[in-house]
Amino acid sequence: MRIIKWLRASIVRQCFVVLAVIGLLAVLAAAPALILTERSTGSGGAINVSGSMRMQSYKLALAVADPFSSFEQRRETMTALDEFGVKLMSPGLLNGVPHDSGNPAYIQYVALKDRFEKGVRPLAEASIDSLEARRRFTEQIPSFVEDVDRFVQTLENGLNERLALLQKILTLILFGAMGVSFVMLLVMQRSIFRPLLAIGSAADAVRKGDFSVRAKVPAPDEIGRLATSFNFMVD
């Protein structure tokens with residue numbers, strides 16, 4: 001009750017409270033928007049890198065399947081392996097992968113990295129001098145590419161979920177700000193516009209010689225004190 005009386009005693013306080021609420025809503029909207037935007041940017045970069053990993057895996061398969069000289073094959077294979085390893089550990093990819101051990105994207109990344117380092121890379125290196133290793137590598141590379149595809153899809157799904165959440169938050173904050181603004185307009189109409197129009201009408205009547213009019217005192221605020229002073233003046 002004291003807070004209500006404190007607010008009713010001043011229009012300036014009422015407007016200040018409403019503006020403070022609007023400012024708070026703006027801050028609440030900006031904070032998650034900045035966080036989600038930053039994460040979405042990182043996810044976008046990770047999707048680009050992981051997508052290039054998919055193409056790099058095809059390049060690696062072609063290098064291993066190269067039937068030409070051992071020197072040329074060794075150079076192409078090692079180059080493809082090094083490029084894939086660089087992309088797998090690149091900051092652009094790591095920044096977009098959640099660090100939560102229970103996150104599907106993190107689990108798939110760890111599995112992909114482990115499979116590349118313990119399975120794909122050793123087989124690719126061995127395939128330079130071994131036809132059997134080349135055959136085994138050729139059999140495994142399609143499923144490895146599928147793992148990369150699933151990893152890319154998981155990153156895309158995470159990005160889409162964050163963008164959808166950001167849209168919901170911004171929509172909620174927008175409607176909240178509109179509601180508070182509407183309340184502010186109602187307060188201004190009730191506390192400022194109508195009382196001022198009434199005082200203006202009373203002043204016009206006094207100007208015409210009618211000293212019986214009195215301005216209505218709406219509330220104990222600035223407009224109310226103005227109406228009280230006007231009535232005292234007329235008396």
# chains A, B, ... in the order shown; residues from 1 in each chain; ligands from 1
>>> residues_around(residues="Ser127 (chain A)", least_positions_apart="6", cutoff="8 Å", atoms="only C-alpha atoms", output="list of chain:residue names")
A:Val64, A:Ala133, A:Arg134, A:Arg135, A:Phe137
>>> write_last_selection(atoms="N, CA and C atoms", output="PDB file, in the first residue's frame")
ATOM      1  N   VAL A  64      43.740 -42.250 -51.478  1.00  0.00           N
ATOM      2  CA  VAL A  64      44.093 -43.616 -51.114  1.00  0.00           C
ATOM      3  C   VAL A  64      43.874 -44.570 -52.288  1.00  0.00           C
ATOM      4  N   ALA A 133      45.263 -53.096 -46.691  1.00  0.00           N
ATOM      5  CA  ALA A 133      44.868 -51.904 -45.942  1.00  0.00           C
ATOM      6  C   ALA A 133      44.056 -50.964 -46.827  1.00  0.00           C
ATOM      7  N   ARG A 134      44.420 -50.881 -48.102  1.00  0.00           N
ATOM      8  CA  ARG A 134      43.661 -50.040 -49.025  1.00  0.00           C
ATOM      9  C   ARG A 134      42.244 -50.563 -49.192  1.00  0.00           C
ATOM     10  N   ARG A 135      42.117 -51.878 -49.267  1.00  0.00           N
ATOM     11  CA  ARG A 135      40.790 -52.469 -49.406  1.00  0.00           C
ATOM     12  C   ARG A 135      39.944 -52.211 -48.164  1.00  0.00           C
ATOM     13  N   PHE A 137      40.333 -49.823 -46.003  1.00  0.00           N
ATOM     14  CA  PHE A 137      40.024 -48.381 -45.943  1.00  0.00           C
ATOM     15  C   PHE A 137      38.855 -48.049 -46.861  1.00  0.00           C
TER      16      PHE A 137
END
>>> residues_around(residues="Met233 (chain A)", least_positions_apart="3", cutoff="12 Å", atoms="only C-alpha atoms", output="PyMOL selection string")
chain A and resi 202-203+206+211-215+226-230
>>> write_last_selection(atoms="N, CA, C and O atoms", output="PDB file, in the first residue's frame")
ATOM      1  N   ALA A 202     -12.143  24.301 -17.079  1.00  0.00           N
ATOM      2  CA  ALA A 202     -12.509  25.149 -15.947  1.00  0.00           C
ATOM      3  C   ALA A 202     -11.915  26.545 -16.103  1.00  0.00           C
ATOM      4  O   ALA A 202     -12.585  27.563 -15.821  1.00  0.00           O
ATOM      5  N   ALA A 203     -10.668  26.609 -16.557  1.00  0.00           N
ATOM      6  CA  ALA A 203     -10.038  27.920 -16.766  1.00  0.00           C
ATOM      7  C   ALA A 203     -10.765  28.709 -17.841  1.00  0.00           C
ATOM      8  O   ALA A 203     -10.926  29.943 -17.734  1.00  0.00           O
ATOM      9  N   VAL A 206     -13.851  30.181 -16.264  1.00  0.00           N
ATOM     10  CA  VAL A 206     -13.519  31.339 -15.426  1.00  0.00           C
ATOM     11  C   VAL A 206     -13.238  32.554 -16.289  1.00  0.00           C
ATOM     12  O   VAL A 206     -13.614  33.691 -15.962  1.00  0.00           O
ATOM     13  N   PHE A 211     -17.364  31.903 -12.046  1.00  0.00           N
ATOM     14  CA  PHE A 211     -16.456  31.589 -10.945  1.00  0.00           C
ATOM     15  C   PHE A 211     -16.986  30.472 -10.057  1.00  0.00           C
ATOM     16  O   PHE A 211     -16.437  30.226  -8.984  1.00  0.00           O
ATOM     17  N   SER A 212     -18.029  29.805 -10.531  1.00  0.00           N
ATOM     18  CA  SER A 212     -18.582  28.709  -9.733  1.00  0.00           C
ATOM     19  C   SER A 212     -17.934  27.364 -10.075  1.00  0.00           C
ATOM     20  O   SER A 212     -18.150  26.378  -9.372  1.00  0.00           O
ATOM     21  N   VAL A 213     -17.183  27.339 -11.168  1.00  0.00           N
ATOM     22  CA  VAL A 213     -16.591  26.057 -11.579  1.00  0.00           C
ATOM     23  C   VAL A 213     -15.442  25.711 -10.648  1.00  0.00           C
ATOM     24  O   VAL A 213     -14.786  26.584 -10.067  1.00  0.00           O
ATOM     25  N   ARG A 214     -15.226  24.424 -10.508  1.00  0.00           N
ATOM     26  CA  ARG A 214     -14.099  23.928  -9.736  1.00  0.00           C
ATOM     27  C   ARG A 214     -13.461  22.770 -10.512  1.00  0.00           C
ATOM     28  O   ARG A 214     -14.146  21.940 -11.110  1.00  0.00           O
ATOM     29  N   ALA A 215     -12.143  22.751 -10.475  1.00  0.00           N
ATOM     30  CA  ALA A 215     -11.426  21.655 -11.130  1.00  0.00           C
ATOM     31  C   ALA A 215     -11.417  20.435 -10.224  1.00  0.00           C
ATOM     32  O   ALA A 215     -11.244  20.551  -9.002  1.00  0.00           O
ATOM     33  N   LEU A 226      -1.929  21.024  -8.880  1.00  0.00           N
ATOM     34  CA  LEU A 226      -2.265  22.114  -9.796  1.00  0.00           C
ATOM     35  C   LEU A 226      -3.762  22.420  -9.737  1.00  0.00           C
ATOM     36  O   LEU A 226      -4.178  23.601  -9.699  1.00  0.00           O
ATOM     37  N   ALA A 227      -4.602  21.381  -9.694  1.00  0.00           N
ATOM     38  CA  ALA A 227      -6.052  21.587  -9.609  1.00  0.00           C
ATOM     39  C   ALA A 227      -6.425  22.248  -8.280  1.00  0.00           C
ATOM     40  O   ALA A 227      -7.297  23.131  -8.233  1.00  0.00           O
ATOM     41  N   THR A 228      -5.782  21.830  -7.209  1.00  0.00           N
ATOM     42  CA  THR A 228      -6.052  22.438  -5.902  1.00  0.00           C
ATOM     43  C   THR A 228      -5.695  23.921  -5.899  1.00  0.00           C
ATOM     44  O   THR A 228      -6.443  24.776  -5.377  1.00  0.00           O
ATOM     45  N   SER A 229      -4.547  24.252  -6.489  1.00  0.00           N
ATOM     46  CA  SER A 229      -4.129  25.660  -6.567  1.00  0.00           C
ATOM     47  C   SER A 229      -5.085  26.468  -7.429  1.00  0.00           C
ATOM     48  O   SER A 229      -5.399  27.631  -7.121  1.00  0.00           O
ATOM     49  N   PHE A 230      -5.567  25.863  -8.502  1.00  0.00           N
ATOM     50  CA  PHE A 230      -6.525  26.548  -9.371  1.00  0.00           C
ATOM     51  C   PHE A 230      -7.816  26.851  -8.606  1.00  0.00           C
ATOM     52  O   PHE A 230      -8.359  27.970  -8.686  1.00  0.00           O
TER      53      PHE A 230
END
>>> select_by_dssp(residues="region 6-232 of chain A", states="alpha helix (DSSP H)", output="NGL selection string")
:A and (6-8 or 11-64 or 70-88 or 91-94 or 104-115 or 121-126 or 131-188 or 194-207 or 222-232)
>>> residues_around(residues="Leu123 (chain A)", least_positions_apart="3", cutoff="12 Å", atoms="only C-alpha atoms", output="MDAnalysis selection string")
chainID A and resid 60:61 64 77:78 81 115:120 126:141
>>> atom_distance(atom1="CA of Ile223 (chain A)", atom2="CA of Ser201 (chain A)")
14.4 Å
>>> residues_around(residues="region 142-151 of chain A", least_positions_apart="3", cutoff="12 Å", atoms="only C-alpha atoms", output="VMD selection string")
chain A and resid 43 46 to 61 84 88 93 96 to 97 103 to 116 119 to 121 136 to 139 154 to 158
>>> closest_atom_pairs(of="region 115-221 of chain A", to="region 24-29 of chain A", cutoff="10 Å", atoms="only C-alpha atoms", output="JSON lines")
{"residue": "A:Leu166", "atom": "CA", "partner": "A:Ala29", "partner_atom": "CA", "distance": 9.2}
{"residue": "A:Ile169", "atom": "CA", "partner": "A:Ala29", "partner_atom": "CA", "distance": 7.0}
{"residue": "A:Leu170", "atom": "CA", "partner": "A:Ala29", "partner_atom": "CA", "distance": 6.1}
{"residue": "A:Thr171", "atom": "CA", "partner": "A:Ala29", "partner_atom": "CA", "distance": 9.3}
{"residue": "A:Leu172", "atom": "CA", "partner": "A:Ala29", "partner_atom": "CA", "distance": 8.9}
{"residue": "A:Ile173", "atom": "CA", "partner": "A:Ala29", "partner_atom": "CA", "distance": 6.1}
{"residue": "A:Leu174", "atom": "CA", "partner": "A:Ala29", "partner_atom": "CA", "distance": 8.5}
{"residue": "A:Gly176", "atom": "CA", "partner": "A:Leu25", "partner_atom": "CA", "distance": 7.5}
{"residue": "A:Ala177", "atom": "CA", "partner": "A:Leu25", "partner_atom": "CA", "distance": 6.6}
{"residue": "A:Val180", "atom": "CA", "partner": "A:Leu25", "partner_atom": "CA", "distance": 9.5}
>>> atom_distance(atom1="CA of Glu161 (chain A)", atom2="CA of Asp100 (chain A)")
16.3 Å
